[in-house]
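Q: To be precise about what I am sending: the file is called upload27.cif and holds mmCIF, C-alpha atoms.
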```cif
data_work
#
loop_
_atom_site.label_atom_id
_atom_site.label_comp_id
_atom_site.auth_asym_id
_atom_site.auth_seq_id
_atom_site.Cartn_x
_atom_site.Cartn_y
_atom_site.Cartn_z
CA MET A 1 33.48 98.87 -33.42
CA LYS A 2 33.33 98.83 -29.60
CA HIS A 3 32.76 102.56 -29.56
CA LEU A 4 30.05 102.20 -32.22
CA ILE A 5 28.27 99.48 -30.26
CA LEU A 6 28.46 101.56 -27.09
CA SER A 7 27.06 104.52 -28.90
CA PHE A 8 24.04 102.48 -29.98
CA CYS A 9 23.67 101.11 -26.44
CA VAL A 10 23.70 104.60 -24.97
CA LEU A 11 21.28 105.79 -27.67
CA GLY A 12 19.02 102.83 -26.92
CA LEU A 13 19.13 103.62 -23.21
CA LEU A 14 18.25 107.24 -23.85
CA ILE A 15 15.35 106.23 -26.10
CA SER A 16 14.20 103.76 -23.43
CA CYS A 17 14.32 106.42 -20.73
CA ASN A 18 12.54 108.97 -22.88
CA LYS A 19 9.86 106.42 -23.79
CA LYS A 20 9.40 105.62 -20.11
CA ASP A 21 9.04 109.31 -19.28
CA LEU A 22 6.46 109.71 -22.04
CA ASP A 23 4.53 106.67 -20.89
CA GLU A 24 4.31 108.09 -17.38
CA VAL A 25 2.58 111.24 -18.66
CA GLU A 26 -0.99 109.95 -18.68
CA VAL A 27 -3.73 111.80 -20.52
CA ALA A 28 -7.04 111.89 -18.67
CA PRO A 29 -9.42 109.41 -20.34
CA ALA A 30 -12.49 110.80 -22.06
CA GLU A 31 -15.69 110.51 -20.07
CA ILE A 32 -17.80 107.59 -21.29
CA TRP A 33 -21.59 107.45 -21.45
CA GLU A 34 -22.60 106.18 -18.02
CA LEU A 35 -25.38 103.65 -17.54
CA HIS A 36 -27.93 104.79 -14.94
CA ASN A 37 -28.02 102.27 -12.09
CA LYS A 38 -31.74 102.82 -11.38
CA PHE A 39 -32.78 101.47 -14.78
CA LEU A 40 -31.48 97.93 -14.91
CA ASN A 41 -32.77 94.42 -15.69
CA SER A 42 -36.43 94.59 -16.79
CA GLN A 43 -36.40 98.40 -16.52
CA LYS A 44 -33.64 98.84 -19.13
CA PHE A 45 -35.96 99.35 -22.12
CA VAL A 46 -36.69 103.09 -22.29
CA SER A 47 -39.33 104.09 -24.84
CA ASN A 48 -39.33 107.88 -24.46
CA ILE A 49 -37.94 110.71 -22.32
CA TYR A 50 -39.00 114.32 -21.76
CA ALA A 51 -37.04 117.12 -20.08
CA ASP A 52 -39.07 119.41 -17.80
CA GLY A 53 -36.82 121.97 -16.13
CA ASN A 54 -34.79 120.12 -13.49
CA ASN A 55 -36.75 116.90 -14.02
CA LEU A 56 -36.46 114.13 -16.57
CA HIS A 57 -39.59 112.09 -17.29
CA VAL A 58 -38.82 108.51 -18.36
CA LEU A 59 -41.33 106.12 -19.95
CA GLY A 60 -40.34 102.46 -19.90
CA LEU A 61 -42.09 99.17 -20.63
CA SER A 62 -43.60 98.88 -17.16
CA LEU A 63 -42.47 102.00 -15.32
CA PHE A 64 -42.95 105.73 -15.54
CA SER A 65 -40.11 107.45 -13.69
CA ILE A 66 -39.10 110.96 -12.69
CA ILE A 67 -35.45 111.88 -12.18
CA SER A 68 -35.11 115.09 -10.15
CA GLN A 69 -31.89 117.03 -9.75
CA SER A 70 -31.23 119.50 -6.94
CA GLY A 71 -27.62 120.64 -6.95
CA THR A 72 -25.55 117.47 -6.86
CA THR A 73 -28.38 115.42 -5.33
CA GLU A 74 -30.42 113.20 -7.64
CA THR A 75 -33.63 111.40 -6.71
CA VAL A 76 -35.50 108.82 -8.78
CA ALA A 77 -39.18 107.96 -8.32
CA HIS A 78 -40.69 104.92 -10.09
CA TYR A 79 -44.39 104.34 -10.81
CA TYR A 80 -45.88 101.23 -12.41
CA HIS A 81 -48.20 101.57 -15.42
CA ASP A 82 -50.28 99.14 -17.47
CA PHE A 83 -49.79 100.58 -20.96
CA GLU A 84 -49.55 98.23 -23.95
CA ALA A 85 -47.40 98.15 -27.10
CA LEU A 86 -44.51 100.24 -25.78
CA ALA A 87 -42.09 97.81 -27.41
CA GLN A 88 -43.64 98.63 -30.82
CA ASN A 89 -44.73 102.27 -30.59
CA LYS A 90 -43.29 105.45 -29.12
CA PHE A 91 -46.01 107.26 -27.14
CA PRO A 92 -45.73 110.91 -26.13
CA LEU A 93 -45.41 112.62 -22.77
CA ASN A 94 -45.00 116.23 -21.68
CA ALA A 95 -44.71 118.20 -18.44
CA HIS A 96 -48.29 117.37 -17.40
CA VAL A 97 -49.44 114.02 -18.83
CA ILE A 98 -48.34 110.59 -20.10
CA VAL A 99 -50.16 108.86 -22.96
CA GLY A 100 -50.47 105.08 -23.25
CA LYS A 101 -52.57 102.52 -25.07
CA ASP A 102 -54.82 99.71 -23.93
CA ARG A 103 -57.08 97.33 -25.86
CA ASP A 104 -60.04 99.72 -26.08
CA GLY A 105 -58.38 103.08 -26.43
CA LEU A 106 -55.91 105.42 -24.78
CA TYR A 107 -55.14 106.31 -21.20
CA VAL A 108 -53.90 109.79 -20.33
CA ARG A 109 -52.41 109.87 -16.84
CA PRO A 110 -51.22 112.93 -14.89
CA VAL A 111 -47.48 113.17 -14.30
CA LYS A 112 -48.02 114.47 -10.76
CA ASN A 113 -49.98 111.40 -9.59
CA PRO A 114 -49.67 108.74 -12.32
CA THR A 115 -50.91 105.79 -10.26
CA THR A 116 -54.13 107.42 -9.04
CA PHE A 117 -56.38 105.80 -11.65
CA THR A 118 -59.49 107.85 -10.82
CA THR A 119 -57.63 110.99 -11.95
CA SER A 120 -56.76 109.62 -15.41
CA ALA A 121 -58.77 110.06 -18.61
CA HIS A 122 -59.69 106.97 -20.62
CA LEU A 123 -60.39 107.65 -24.30
CA TYR A 124 -62.66 104.84 -25.41
CA MET A 125 -62.35 105.29 -29.18
CA LYS A 126 -65.63 103.60 -30.15
CA ALA A 127 -67.50 106.07 -27.96
CA LEU A 128 -65.75 109.02 -29.57
CA ASP A 129 -66.20 107.64 -33.11
CA PRO A 130 -68.54 104.65 -33.72
CA ASP A 131 -66.71 104.04 -37.03
CA PHE A 132 -63.40 103.45 -35.26
CA ASN A 133 -61.69 100.31 -36.61
CA ARG A 134 -58.17 100.36 -35.17
CA PHE A 135 -55.31 102.75 -34.46
CA ALA A 136 -53.01 103.81 -37.32
CA LEU A 137 -49.85 104.05 -35.23
CA GLY A 138 -46.49 104.21 -36.94
CA LEU A 139 -44.20 101.37 -35.86
CA SER A 140 -41.17 103.32 -34.77
CA TYR A 141 -38.81 103.36 -31.82
CA THR A 142 -37.69 106.94 -32.47
CA GLN A 143 -40.77 108.83 -33.73
CA GLU A 144 -43.90 109.51 -31.68
CA CYS A 145 -47.03 107.89 -33.09
CA ILE A 146 -49.53 110.31 -31.49
CA GLY A 147 -49.34 114.10 -31.31
CA LEU A 148 -49.31 115.80 -27.90
CA SER A 149 -49.01 119.58 -27.53
CA ASP A 150 -47.74 121.57 -24.57
CA SER A 151 -51.34 122.73 -24.04
CA ASN A 152 -52.43 119.07 -23.59
CA THR A 153 -54.16 118.57 -26.93
CA LEU A 154 -53.92 115.18 -28.65
CA LEU A 155 -53.99 114.31 -32.34
CA ILE A 156 -54.70 110.60 -32.75
CA PRO A 157 -54.45 108.70 -36.08
CA TYR A 158 -56.75 105.73 -36.72
CA TYR A 159 -58.54 103.73 -39.40
CA SER A 160 -62.30 103.95 -39.72
CA GLY A 161 -64.97 101.85 -41.39
CA ASN A 162 -64.64 98.29 -42.66
CA ASP A 163 -63.19 96.47 -45.66
CA SER A 164 -65.75 98.00 -48.04
CA SER A 165 -65.30 101.59 -46.81
CA PHE A 166 -61.87 101.97 -45.25
CA GLY A 167 -60.10 105.27 -44.58
CA THR A 168 -57.77 107.19 -42.30
CA ARG A 169 -59.01 109.71 -39.76
CA LEU A 170 -57.46 111.98 -37.18
CA MET A 171 -59.10 112.75 -33.86
CA LEU A 172 -58.34 116.03 -32.13
CA VAL A 173 -58.89 115.71 -28.36
CA LYS A 174 -58.54 118.63 -25.97
CA LEU A 175 -57.70 117.84 -22.34
CA SER A 176 -57.78 119.78 -19.12
CA VAL A 177 -55.48 119.18 -16.16
CA SER A 178 -56.73 120.65 -12.87
CA ALA A 179 -56.24 120.01 -9.16
CA ASP A 180 -58.88 118.28 -7.04
CA VAL A 181 -59.59 118.86 -3.34
CA PHE A 182 -56.83 116.38 -2.40
CA GLY A 183 -54.18 118.21 -4.40
CA ASN A 184 -54.07 115.59 -7.16
CA ASP A 185 -54.04 116.53 -10.83
CA VAL A 186 -57.13 115.33 -12.70
CA VAL A 187 -57.14 114.81 -16.48
CA ALA A 188 -60.45 115.28 -18.31
CA VAL A 189 -61.60 115.46 -21.94
CA THR A 190 -63.09 118.86 -22.74
CA ASP A 191 -63.65 118.50 -26.49
CA SER A 192 -63.06 116.16 -29.43
CA LYS A 193 -63.24 116.56 -33.19
CA ILE A 194 -62.98 114.05 -36.05
CA LEU A 195 -60.91 114.99 -39.10
CA ASN A 196 -61.34 112.95 -42.28
CA VAL A 197 -58.14 112.31 -44.20
CA GLY A 198 -60.16 110.24 -46.70
CA ARG A 199 -57.90 107.66 -48.24
CA SER A 200 -55.83 105.07 -46.45
CA VAL A 201 -52.62 106.83 -45.42
CA PHE A 202 -49.52 105.47 -43.69
CA ILE A 203 -48.69 107.98 -40.94
CA LYS A 204 -45.09 107.87 -39.80
CA GLN A 205 -45.11 110.49 -37.08
CA ILE A 206 -47.14 113.33 -35.59
CA LYS A 207 -45.18 116.19 -34.06
CA SER A 208 -46.34 119.25 -32.16
CA MET A 209 -44.48 122.50 -32.81
CA GLY A 210 -45.48 126.10 -32.21
CA GLY A 211 -49.14 125.43 -31.45
CA ASN A 212 -49.71 123.22 -34.52
CA PHE A 213 -49.39 119.54 -35.34
CA TYR A 214 -47.34 118.28 -38.28
CA VAL A 215 -48.35 114.92 -39.71
CA GLU A 216 -45.68 113.00 -41.63
CA SER A 217 -47.10 110.41 -44.03
CA ASN A 218 -46.30 108.61 -47.26
CA PHE A 219 -48.01 111.51 -49.09
CA GLY A 220 -45.89 114.29 -47.56
CA LEU A 221 -46.38 116.71 -44.69
CA ASP A 222 -49.64 118.21 -43.42
CA LYS A 223 -50.14 120.93 -40.84
CA VAL A 224 -53.12 120.57 -38.48
CA SER A 225 -54.08 123.44 -36.18
CA GLU A 226 -55.53 122.82 -32.73
CA LYS A 227 -58.83 124.06 -34.21
CA GLY A 228 -58.76 121.22 -36.75
CA GLU A 229 -57.73 123.17 -39.87
CA MET A 230 -55.61 121.06 -42.26
CA ASP A 231 -53.10 122.33 -44.85
CA ARG A 232 -50.72 120.41 -47.12
CA ILE A 233 -47.15 121.68 -46.62
CA VAL A 234 -44.98 119.30 -48.68
CA SER A 235 -46.27 116.94 -51.39
CA GLY A 236 -44.70 114.04 -53.26
CA GLU A 237 -41.81 113.51 -50.86
CA PHE A 238 -41.25 111.40 -47.76
CA VAL A 239 -40.59 113.51 -44.68
CA ASP A 240 -37.86 111.83 -42.65
CA GLY A 241 -37.18 114.50 -40.04
CA LEU A 242 -38.97 117.45 -38.51
CA PHE A 243 -37.63 119.77 -35.81
CA ALA A 244 -37.57 123.33 -34.47
CA HIS A 245 -34.21 125.02 -34.03
CA LYS A 246 -33.25 128.62 -33.16
CA GLY A 247 -36.72 129.96 -33.90
CA ASN A 248 -37.21 128.22 -37.25
CA TYR A 249 -38.82 124.97 -38.36
CA TYR A 250 -37.03 122.43 -40.54
CA ALA A 251 -38.10 119.39 -42.56
CA VAL A 252 -35.74 116.80 -44.01
CA THR A 253 -37.36 115.07 -47.00
CA TYR A 254 -36.52 112.28 -49.42
CA HIS A 255 -37.64 112.09 -53.04
CA GLY A 256 -37.41 108.41 -53.94
CA SER A 257 -37.55 108.66 -57.74
CA LYS A 258 -34.78 111.28 -57.75
CA GLY A 259 -32.77 109.67 -54.96
CA LEU A 260 -32.43 113.08 -53.31
CA SER A 261 -32.75 114.27 -49.73
CA SER A 262 -33.64 117.92 -49.23
CA LEU A 263 -33.94 120.50 -46.49
CA PHE A 264 -36.97 122.82 -46.20
CA THR A 265 -37.43 125.60 -43.66
CA SER A 266 -40.12 127.96 -42.38
CA ASN A 267 -40.12 130.73 -39.79
CA THR A 268 -43.87 130.51 -39.15
CA GLY A 269 -44.82 126.93 -40.03
CA ASN A 270 -47.01 128.20 -42.88
CA ASN A 271 -44.79 128.87 -45.89
CA TRP A 272 -41.98 126.36 -46.38
CA VAL A 273 -39.08 127.03 -48.74
CA PHE A 274 -36.42 124.76 -50.21
CA VAL A 275 -32.95 125.35 -48.72
CA THR A 276 -30.57 122.79 -50.21
CA ASN A 277 -30.11 119.20 -51.27
CA LEU A 278 -28.48 116.91 -48.72
CA ASN A 279 -26.59 113.65 -48.64
CA GLU A 280 -29.24 110.94 -48.94
CA ASN A 281 -27.94 109.26 -45.74
CA VAL A 282 -29.61 111.98 -43.64
CA GLN A 283 -32.90 110.14 -44.19
CA TYR A 284 -31.75 107.54 -41.65
CA LEU A 285 -31.16 110.01 -38.81
CA SER A 286 -33.51 110.80 -35.93
CA TYR A 287 -33.40 114.45 -34.83
CA TYR A 288 -33.56 115.89 -31.31
CA ALA A 289 -33.67 119.63 -30.58
CA VAL A 290 -32.43 119.26 -27.01
CA SER A 291 -32.23 123.04 -26.46
CA ASP A 292 -32.69 126.27 -28.41
CA ASP A 293 -29.06 126.14 -29.51
CA LEU A 294 -28.24 122.44 -29.66
CA LEU A 295 -29.48 120.02 -32.32
CA LEU A 296 -28.44 116.39 -32.00
CA ALA A 297 -29.23 113.33 -34.09
CA SER A 298 -28.84 109.59 -33.78
CA TYR A 299 -28.59 106.49 -35.92
CA GLN A 300 -28.82 103.21 -34.03
CA SER A 301 -26.11 103.77 -31.37
CA GLN A 302 -24.28 106.63 -33.11
CA LEU A 303 -24.58 110.29 -32.06
CA PHE A 304 -24.19 113.44 -34.16
CA GLU A 305 -24.27 117.22 -33.71
CA ILE A 306 -25.81 119.13 -36.60
CA ASP A 307 -25.11 122.73 -37.57
CA VAL A 308 -28.08 123.71 -39.74
CA ASN A 309 -26.70 127.14 -40.51
CA ASN A 310 -23.41 125.76 -41.80
CA SER A 311 -24.52 123.76 -44.85
CA PHE A 312 -26.11 121.16 -42.55
CA ASN A 313 -22.70 120.18 -41.22
CA ILE A 314 -22.80 116.83 -39.37
CA ARG A 315 -20.18 116.05 -36.71
CA GLU A 316 -20.07 112.58 -35.18
CA LEU A 317 -19.77 112.54 -31.40
CA ASP A 318 -17.96 110.09 -29.15
CA ASN A 319 -20.39 107.28 -28.25
CA THR A 320 -18.05 105.23 -26.06
CA GLY A 321 -20.29 103.25 -23.72
CA LEU A 322 -23.28 103.45 -26.07
CA GLU A 323 -22.06 101.02 -28.70
CA GLY A 324 -24.71 98.42 -29.51
CA ASN A 325 -27.47 100.21 -27.57
CA PHE A 326 -30.28 101.40 -29.88
CA ILE A 327 -31.09 105.06 -29.12
CA THR A 328 -34.76 105.98 -28.62
CA GLY A 329 -34.49 109.52 -27.28
CA ILE A 330 -32.16 112.36 -26.25
CA ALA A 331 -32.90 115.13 -23.74
CA LYS A 332 -31.02 117.67 -21.62
CA THR A 333 -31.63 118.78 -18.03
CA ASN A 334 -29.37 121.29 -16.30
CA ASP A 335 -25.81 120.50 -17.44
CA LYS A 336 -26.43 116.83 -18.27
CA VAL A 337 -27.44 115.08 -21.50
CA TYR A 338 -29.49 111.88 -21.20
CA VAL A 339 -29.67 109.24 -23.92
CA ALA A 340 -32.51 106.72 -23.75
CA THR A 341 -31.95 103.33 -25.35
CA GLN A 342 -33.65 99.96 -25.54
CA SER A 343 -31.02 98.66 -23.12
CA GLY A 344 -30.58 101.38 -20.53
CA LEU A 345 -30.58 105.09 -19.74
CA PHE A 346 -27.21 106.79 -20.19
CA SER A 347 -25.90 110.25 -19.29
CA LYS A 348 -22.93 112.54 -19.68
CA SER A 349 -22.04 116.13 -18.82
CA ILE A 350 -22.92 118.55 -21.61
CA GLU A 351 -19.25 119.45 -22.17
CA GLN A 352 -18.20 115.83 -22.55
CA ALA A 353 -21.30 114.92 -24.57
CA LEU A 354 -20.11 117.17 -27.39
CA THR A 355 -16.69 115.53 -27.68
CA SER A 356 -15.96 114.52 -31.27
CA LYS A 357 -15.57 110.85 -32.07
CA ASP A 358 -12.02 109.64 -32.62
CA ILE A 359 -12.41 108.19 -36.12
CA GLU A 360 -9.23 106.11 -35.67
CA LYS A 361 -10.75 104.11 -32.81
#
```
Re-express the file's structure as structure tokens.
A:
Amino acid sequence: MKHLILSFCVLGLLISCNKKDLDEVEVAPAEIWELHNKFLNSQKFVSNIYADGNNLHVLGLSLFSIISQSGTTETVAHYYHDFEALAQNKFPLNAHVIVGKDRDGLYVRPVKNPTTFTTSAHLYMKALDPDFNRFALGLSYTQECIGLSDSNTLLIPYYSGNDSSFGTRLMLVKLSVSADVFGNDVVAVTDSKILNVGRSVFIKQIKSMGGNFYVESNFGLDKVSEKGEMDRIVSGEFVDGLFAHKGNYYAVTYHGSKGLSSLFTSNTGNNWVFVTNLNENVQYLSYYAVSDDLLLASYQSQLFEIDVNNSFNIRELDNTGLEGNFITGIAKTNDKVYVATQSGLFSKSIEQALTSKDIEK
């Protein structure tokens, strides 16, 4: 019995030593999503972001900011703005201009000198259309309510008329951005055109892709060229997602009466074909083509990578540090991925950003 007890004691000691050795071999912790320390307190709410080469443009409730990266050096420039309704609507921005709303219309400010008010364009809607009643802006934190192309053309949804003759219209506004004698960029309206949709339509989102606008509404999907030509693309289905990826266009739709989500694709934006039915939960995702090869999606504070060419395979990514922060945008500059939320701007290296979520956590 003594020998037996000793044997167990020795075995226990060996196990204890082995366990200690194992405990001392520490695995490097996964990189968490890091909160940017230049967007804190009242600047935490980020409405939209746009990647422009080495720069990230950030639109917040009261600030427009530019994050510039040169090697390992990062600089942040903040500019105050007076836009309204950024807590309700997601307004667009691109490499040249920022769009915001005021009581009477829209302001379009140049990115280069956003606080020089004399260089901005003010779109007073009543002057452009005397029948203007109010904007028809989709209430969304993740989908842009106004279309803005890379060539600085706007597509603006609004309601016209009064209670007896009420309808939805789209206004196509072409802008120019040119330098003045002081080196400032000046935004000016060069042309505008009114497009009659006719009936009262709920417009969820307007997206610019490949030189055309795509209007998502409760009646389906319409394509609008920058010349003002309108074509119905998808009818009878809600369009929940629209994105360009690897040279093709994709639309994720939901057919309520059938309870089915579907994927459509087009290589030109003209002829769209059905690809496959999808899990109906994809209707809740917001899609971000952050590069030609990388398609990400979000739901509240969750992140996903999507492989369209592999049966729309969805892989959940590690969101440690993002939990409880509602995602409003995702963009990539250089080797860093930025995630905009209503409670801060977060970032991670591209390698770490694509780490799969540990489901057991």
Q: The PyMOL selection byres ((chain A and resi 116) around 12) on the file shown: which residues, as a CSV table (one decimal) with C-alpha atoms, in the frame of the given file?
A:
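Now in result-v7.csv:
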```
chain,number,residue,atom,x,y,z
A,79,TYR,CA,-44.4,104.3,-10.8
A,80,TYR,CA,-45.9,101.2,-12.4
A,81,HIS,CA,-48.2,101.6,-15.4
A,108,VAL,CA,-53.9,109.8,-20.3
A,109,ARG,CA,-52.4,109.9,-16.8
A,110,PRO,CA,-51.2,112.9,-14.9
A,111,VAL,CA,-47.5,113.2,-14.3
A,112,LYS,CA,-48.0,114.5,-10.8
A,113,ASN,CA,-50.0,111.4,-9.6
A,114,PRO,CA,-49.7,108.7,-12.3
A,115,THR,CA,-50.9,105.8,-10.3
A,117,PHE,CA,-56.4,105.8,-11.6
A,118,THR,CA,-59.5,107.8,-10.8
A,119,THR,CA,-57.6,111.0,-12.0
A,120,SER,CA,-56.8,109.6,-15.4
A,121,ALA,CA,-58.8,110.1,-18.6
A,182,PHE,CA,-56.8,116.4,-2.4
A,183,GLY,CA,-54.2,118.2,-4.4
A,184,ASN,CA,-54.1,115.6,-7.2
A,185,ASP,CA,-54.0,116.5,-10.8
A,186,VAL,CA,-57.1,115.3,-12.7
A,187,VAL,CA,-57.1,114.8,-16.5
```
Q: For the file shown, report as a PyMOL selection string the outcome of the PyMOL selection byres ((chain A and resi 265-280) around 12) at residue level.
A: chain A and resi 208-214+221-225+230-235+240-256+258-264+281-285+308-314
Q: Can you work out the spacing between atom CA of Val197 of chain A and atom CA of Gly228 of chain A in Å, to one decimal?
A: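 Separating atom CA of Val197 of chain A from atom CA of Gly228 of chain A is a distance of 11.6 Å.
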Q: So how far away is atom CA of Arg169 of chain A from atom CA of Thr153 of chain A, in Å?
A: 16.3 Å
Q: On this structure, which residues satisfy the PyMOL selection byres ((chain A and resi 136-143) around 6), written as an NGL selection string?
A: :A and (88-90 or 135 or 144-145 or 157-159 or 203-205 or 328)
Q: In Å, how far is it from atom CA of Asn152 of chain A to atom CA of Asp131 of chain A?
A: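 These two atoms are separated by 24.7 Å.
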Q: If we count all atoms listed in the file and set the cut-off at 9 Å, which residues sit around Ser68 of chain A, ignoring sequence neighbours fewer than 2 positions away in its own chain? Please answer as an mmCIF file with C-alpha atoms, in the frame of the given file.
A:
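That gives us out.cif:
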```cif
data_model
loop_
_atom_site.group_PDB
_atom_site.id
_atom_site.type_symbol
_atom_site.label_atom_id
_atom_site.label_comp_id
_atom_site.auth_asym_id
_atom_site.auth_seq_id
_atom_site.Cartn_x
_atom_site.Cartn_y
_atom_site.Cartn_z
ATOM 1 C CA ASN A 54 -34.790 120.120 -13.490
ATOM 2 C CA ASN A 55 -36.750 116.900 -14.020
ATOM 3 C CA LEU A 56 -36.460 114.130 -16.570
ATOM 4 C CA HIS A 57 -39.590 112.090 -17.290
ATOM 5 C CA ILE A 66 -39.100 110.960 -12.690
ATOM 6 C CA SER A 70 -31.230 119.500 -6.940
ATOM 7 C CA THR A 73 -28.380 115.420 -5.330
ATOM 8 C CA GLU A 74 -30.420 113.200 -7.640
ATOM 9 C CA THR A 75 -33.630 111.400 -6.710
ATOM 10 C CA VAL A 76 -35.500 108.820 -8.780
ATOM 11 C CA ALA A 77 -39.180 107.960 -8.320
#
```
Q: Restricting the calculation to all atoms listed in the file: of A:Lys193, A:Val201, A:Phe91, A:Phe132, which residue gets closest to Asp104 of chain A?
A: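 Closest residue, counting all atoms listed in the file: A:Phe132.
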Q: Near Lys174 of chain A, within 12 Å and counting only C-alpha atoms, which residues show up once chain neighbours fewer than 4 positions away are dropped, as a PyMOL selection string?
A: chain A and resi 108+121+123+147-156+187-194+226-228
Q: With C-alpha atoms retained, could you export that selection as a PDB file, in the frame of the given file?
A:
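Once everything was written out, this is out-v1.pdb:
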```
ATOM      1  CA  VAL A 108     -53.900 109.790 -20.330  1.00  0.00           C
ATOM      2  CA  ALA A 121     -58.770 110.060 -18.610  1.00  0.00           C
ATOM      3  CA  LEU A 123     -60.390 107.650 -24.300  1.00  0.00           C
ATOM      4  CA  GLY A 147     -49.340 114.100 -31.310  1.00  0.00           C
ATOM      5  CA  LEU A 148     -49.310 115.800 -27.900  1.00  0.00           C
ATOM      6  CA  SER A 149     -49.010 119.580 -27.530  1.00  0.00           C
ATOM      7  CA  ASP A 150     -47.740 121.570 -24.570  1.00  0.00           C
ATOM      8  CA  SER A 151     -51.340 122.730 -24.040  1.00  0.00           C
ATOM      9  CA  ASN A 152     -52.430 119.070 -23.590  1.00  0.00           C
ATOM     10  CA  THR A 153     -54.160 118.570 -26.930  1.00  0.00           C
ATOM     11  CA  LEU A 154     -53.920 115.180 -28.650  1.00  0.00           C
ATOM     12  CA  LEU A 155     -53.990 114.310 -32.340  1.00  0.00           C
ATOM     13  CA  ILE A 156     -54.700 110.600 -32.750  1.00  0.00           C
ATOM     14  CA  VAL A 187     -57.140 114.810 -16.480  1.00  0.00           C
ATOM     15  CA  ALA A 188     -60.450 115.280 -18.310  1.00  0.00           C
ATOM     16  CA  VAL A 189     -61.600 115.460 -21.940  1.00  0.00           C
ATOM     17  CA  THR A 190     -63.090 118.860 -22.740  1.00  0.00           C
ATOM     18  CA  ASP A 191     -63.650 118.500 -26.490  1.00  0.00           C
ATOM     19  CA  SER A 192     -63.060 116.160 -29.430  1.00  0.00           C
ATOM     20  CA  LYS A 193     -63.240 116.560 -33.190  1.00  0.00           C
ATOM     21  CA  ILE A 194     -62.980 114.050 -36.050  1.00  0.00           C
ATOM     22  CA  GLU A 226     -55.530 122.820 -32.730  1.00  0.00           C
ATOM     23  CA  LYS A 227     -58.830 124.060 -34.210  1.00  0.00           C
ATOM     24  CA  GLY A 228     -58.760 121.220 -36.750  1.00  0.00           C
TER      25      GLY A 228
END
```
Q: Which of these, A:Asp335, A:Trp33, A:Phe39, A:His78, has the shortest distance to Gln302 of chain A once you count all atoms listed in the file?
A: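 Answer, going by the shortest atom-to-atom distance: A:Trp33.
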Q: May I have the residues within 10 Å of Ala51 of chain A as JSON, numbers by chain, using only C-alpha atoms and disregarding those fewer than 2 positions away in the same chain?
A: {"A": [49, 53, 54, 55, 56, 57, 58, 66, 67, 93, 94, 95, 290, 291, 330, 331, 332, 333, 334, 337, 338]}
Q: Within 12 Å of (-44.9, 99.8, -15.6), in the coordinates the file gives, what residues turn up when you count all atoms listed in the file, written out as a CSV table (one decimal) with C-alpha atoms, in the frame of the given file?
A:
```csv
chain,number,residue,atom,x,y,z
A,42,SER,CA,-36.4,94.6,-16.8
A,43,GLN,CA,-36.4,98.4,-16.5
A,44,LYS,CA,-33.6,98.8,-19.1
A,45,PHE,CA,-36.0,99.4,-22.1
A,46,VAL,CA,-36.7,103.1,-22.3
A,47,SER,CA,-39.3,104.1,-24.8
A,58,VAL,CA,-38.8,108.5,-18.4
A,59,LEU,CA,-41.3,106.1,-20.0
A,60,GLY,CA,-40.3,102.5,-19.9
A,61,LEU,CA,-42.1,99.2,-20.6
A,62,SER,CA,-43.6,98.9,-17.2
A,63,LEU,CA,-42.5,102.0,-15.3
A,64,PHE,CA,-43.0,105.7,-15.5
A,65,SER,CA,-40.1,107.4,-13.7
A,78,HIS,CA,-40.7,104.9,-10.1
A,79,TYR,CA,-44.4,104.3,-10.8
A,80,TYR,CA,-45.9,101.2,-12.4
A,81,HIS,CA,-48.2,101.6,-15.4
A,82,ASP,CA,-50.3,99.1,-17.5
A,83,PHE,CA,-49.8,100.6,-21.0
A,84,GLU,CA,-49.6,98.2,-24.0
A,85,ALA,CA,-47.4,98.2,-27.1
A,86,LEU,CA,-44.5,100.2,-25.8
A,100,GLY,CA,-50.5,105.1,-23.2
A,114,PRO,CA,-49.7,108.7,-12.3
A,115,THR,CA,-50.9,105.8,-10.3
```
Q: May I ask which of the residues A:Leu317, A:Leu128, A:Val177, A:Leu195 is the closest one to Ile32 of chain A, counting only C-alpha atoms?
A: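 For Ile32 of chain A, the nearest of the candidates is A:Leu317.
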